[in-house]
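Q: Could you have a look at this structure, given as C-alpha cells, before my questions?
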Amino acid sequence: MGFWKTLCAALAVAVLLGSAPAEARFGKRSKPNTSDSKDSDDKDGKKEHRATPVGRASDAPVRSSVRASGVGIGWFDVLFLSSPASYHRRARAEVPRGARAPRPAPLVHLNVQGNSFGDVGGALDLFMALDGQRWGMDARVSGIALESDDGSADMDRLTLLDAHLTLSPWSTERGRFRMEAGIASAHAPDAIFVGPSLAASLEACIGPSPFDVEARIQVVPFPHRQVDMQAGLALHLGALNLRGGWRTLYLSDGGHLDGVVHADHFTGPYLGLGLSF
C-alpha cells in the first residue's frame, strides 16, 4: 500500500503542477519575438503564455497551449512488459491435480515498437527487460520526432531514457504484477532533465487464448514532470510476440528552462514486435 500511495501522490503532483497554460514545446526556449500575455492569477512569478505560429495572420487559429494529437486518448506507444509467451506455455502445461504449478524461470525480453502521434510526429522505442521470480530489471529508450511548433520545416527531437529495478509481488504461470523504481532522463532541444522514476505494470493471460492484456503507468515527479500511461493486447506465437494498443504521454519542464512552462501532450497508436526467451 505504501508504494501505491507514493505512486498516486507523484501522479497527482505531476498532473496538478502541469495543468497551467504552457508553451507548446517541452524543453525548448521561447523565441524572443513570442508574444507573452501575463495572467493576473499567476501567483508563482512564472510567465505563462500561449504560442502563436510564426508567419500566420492575426485571425489564424491559436496553437493549443498543450500540444496534442487527436482528441482525448489516442492509440499509443510504449509497452515493454514481460514475456507472456512463456507464461502461456506454462499455463497450458499439464500439472497433476493438487500439484503446485512450476515457477517461471528468468525470462529475457527484447522489444521494438513504432508509435504514431498523428500529424504531430512519431516515435521509435527499444526495450530490454529481465524477469526473475520476484526481482528483475528493465531499460528503455524512446526517440521522438515532432513537427516544429514555430511554423518552420524543421523537426524537434526528444529522447526519453529510463532504467528500473522491478519487484513482482504477484508472479505466476498466469501473469505478473510489477512495482518499479529507478531513474529517468529527458533530452530536449535546449535542456536535459534527470529525475527519479516510479512505475507499475500488469500483464495477465486471457483464458486459454494466446492473448494477454497489458497495462503500465510511469511517473517522473521532478525536476521535469512526465506521466506515461499505456494499455493494450499482446499476441504470443511461441517466443515471438506482437503488441498493439493505446498510449498517452505528458511532458512538462515546469518552467525550469526560462521561466515559461513548456509542455507537450501526445496520444497515438503503437505496434510492437518482441522476443522472449
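Chain labels A, B, ... are given in the sequence in which chains occur in the C-alpha cells; within each chain residues are numbered consecutively from 1, and ligands are likewise numbered from 1 in the order shown.
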If we count only C-alpha atoms, what is near Met179 (chain A) at a cut-off of 8 Å, once residues fewer than 4 positions away on the same chain are taken out, given as number ranges by chain?
A: A: 3, 166-169, 198-201
Q: Okay, now the selection with N, CA and C atoms, as a PDB file, in the first residue's frame?
A:
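Once everything was written out, this is again-v3.pdb:
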```pdb
ATOM      1  N   PHE A   3       3.649   1.749  -1.490  1.00  0.00           N
ATOM      2  CA  PHE A   3       4.092   2.057  -2.856  1.00  0.00           C
ATOM      3  C   PHE A   3       2.991   2.750  -3.631  1.00  0.00           C
ATOM      4  N   THR A 166      12.849  -3.893 -10.734  1.00  0.00           N
ATOM      5  CA  THR A 166      11.450  -4.287 -10.602  1.00  0.00           C
ATOM      6  C   THR A 166      11.279  -5.330  -9.505  1.00  0.00           C
ATOM      7  N   LEU A 167      10.134  -5.261  -8.832  1.00  0.00           N
ATOM      8  CA  LEU A 167       9.740  -6.236  -7.827  1.00  0.00           C
ATOM      9  C   LEU A 167       8.355  -6.748  -8.193  1.00  0.00           C
ATOM     10  N   SER A 168       8.187  -8.074  -8.243  1.00  0.00           N
ATOM     11  CA  SER A 168       6.914  -8.682  -8.646  1.00  0.00           C
ATOM     12  C   SER A 168       6.272  -9.382  -7.451  1.00  0.00           C
ATOM     13  N   PRO A 169       5.351  -8.708  -6.739  1.00  0.00           N
ATOM     14  CA  PRO A 169       4.668  -9.366  -5.619  1.00  0.00           C
ATOM     15  C   PRO A 169       3.740 -10.486  -6.084  1.00  0.00           C
ATOM     16  N   LEU A 198       9.002   6.285 -10.980  1.00  0.00           N
ATOM     17  CA  LEU A 198       8.206   5.227 -10.372  1.00  0.00           C
ATOM     18  C   LEU A 198       7.247   4.676 -11.416  1.00  0.00           C
ATOM     19  N   ALA A 199       6.986   3.380 -11.346  1.00  0.00           N
ATOM     20  CA  ALA A 199       6.085   2.784 -12.327  1.00  0.00           C
ATOM     21  C   ALA A 199       5.431   1.543 -11.737  1.00  0.00           C
ATOM     22  N   ALA A 200       4.332   1.121 -12.361  1.00  0.00           N
ATOM     23  CA  ALA A 200       3.670  -0.132 -12.027  1.00  0.00           C
ATOM     24  C   ALA A 200       3.138  -0.722 -13.326  1.00  0.00           C
ATOM     25  N   SER A 201       3.213  -2.048 -13.451  1.00  0.00           N
ATOM     26  CA  SER A 201       2.772  -2.698 -14.678  1.00  0.00           C
ATOM     27  C   SER A 201       2.103  -4.027 -14.345  1.00  0.00           C
TER      28      SER A 201
END
```
Q: List the neighbours of region 110-127 of chain A out to 6 Å using only C-alpha atoms; skip same-chain residues closer than 5 positions along the sequence, and give me the result as a ChimeraX atom specification.
A: /A:69,77,80,139-147,267-275
Q: Convert the current residue selection to file output with C-alpha atoms, as an mmCIF file, in the first residue's frame.
A:
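Generated output (again_29.cif):
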```cif
data_model
loop_
_atom_site.group_PDB
_atom_site.id
_atom_site.type_symbol
_atom_site.label_atom_id
_atom_site.label_comp_id
_atom_site.auth_asym_id
_atom_site.auth_seq_id
_atom_site.Cartn_x
_atom_site.Cartn_y
_atom_site.Cartn_z
ATOM 1 C CA SER A 69 -2.635 14.920 -31.380
ATOM 2 C CA ASP A 77 3.374 3.985 -27.650
ATOM 3 C CA PHE A 80 7.648 -3.351 -22.919
ATOM 4 C CA ALA A 139 15.849 -0.414 -19.625
ATOM 5 C CA ARG A 140 14.302 1.514 -22.474
ATOM 6 C CA VAL A 141 14.917 4.333 -24.911
ATOM 7 C CA SER A 142 12.309 6.313 -26.849
ATOM 8 C CA GLY A 143 13.270 8.585 -29.749
ATOM 9 C CA ILE A 144 10.521 11.086 -30.613
ATOM 10 C CA ALA A 145 10.472 13.232 -33.788
ATOM 11 C CA LEU A 146 7.956 16.103 -33.792
ATOM 12 C CA GLU A 147 6.842 18.757 -36.213
ATOM 13 C CA THR A 267 -1.612 10.355 -27.903
ATOM 14 C CA GLY A 268 -1.359 7.822 -30.689
ATOM 15 C CA PRO A 269 -1.353 4.157 -31.753
ATOM 16 C CA TYR A 270 1.558 1.780 -31.381
ATOM 17 C CA LEU A 271 2.561 -1.559 -32.874
ATOM 18 C CA GLY A 272 5.394 -3.623 -31.450
ATOM 19 C CA LEU A 273 7.396 -6.772 -32.139
ATOM 20 C CA GLY A 274 9.346 -8.679 -29.495
ATOM 21 C CA LEU A 275 11.182 -11.834 -28.489
#
```
Q: Set the distance at 7 Å and use only C-alpha atoms: which residues neighbour Leu107 (chain A) once local chain neighbours fewer than 3 positions away are removed? I'd like the list as a PyMOL selection string.
A: chain A and resi 83+130-132+276-277
Q: With only C-alpha atoms as the basis for distance, which of A:Ser252, A:Gln230, A:His236, A:Phe193 is at the shortest distance from Ser209 (chain A)?
A: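 Among the listed residues, A:His236 lies closest to Ser209 (chain A).
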Q: Write down as a PyMOL selection string the residues of region 131-274 of chain A whose backbone DSSP state falls under strand (DSSP E).
A: chain A and resi 131+135-147+155-172+175-187+192-205+211-220+225-237+240-252+263-274
Q: Suppose you want the space between CA of Asp149 (chain A) and CA of His265 (chain A); what is it in Å?
A: 13.1 Å
Q: Would you mind reading off the distance between CA of Arg247 (chain A) and CA of Ala204 (chain A), one decimal, in Å?
A: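 Atom-to-atom, CA of Arg247 (chain A) to CA of Ala204 (chain A), that is 18.6 Å.
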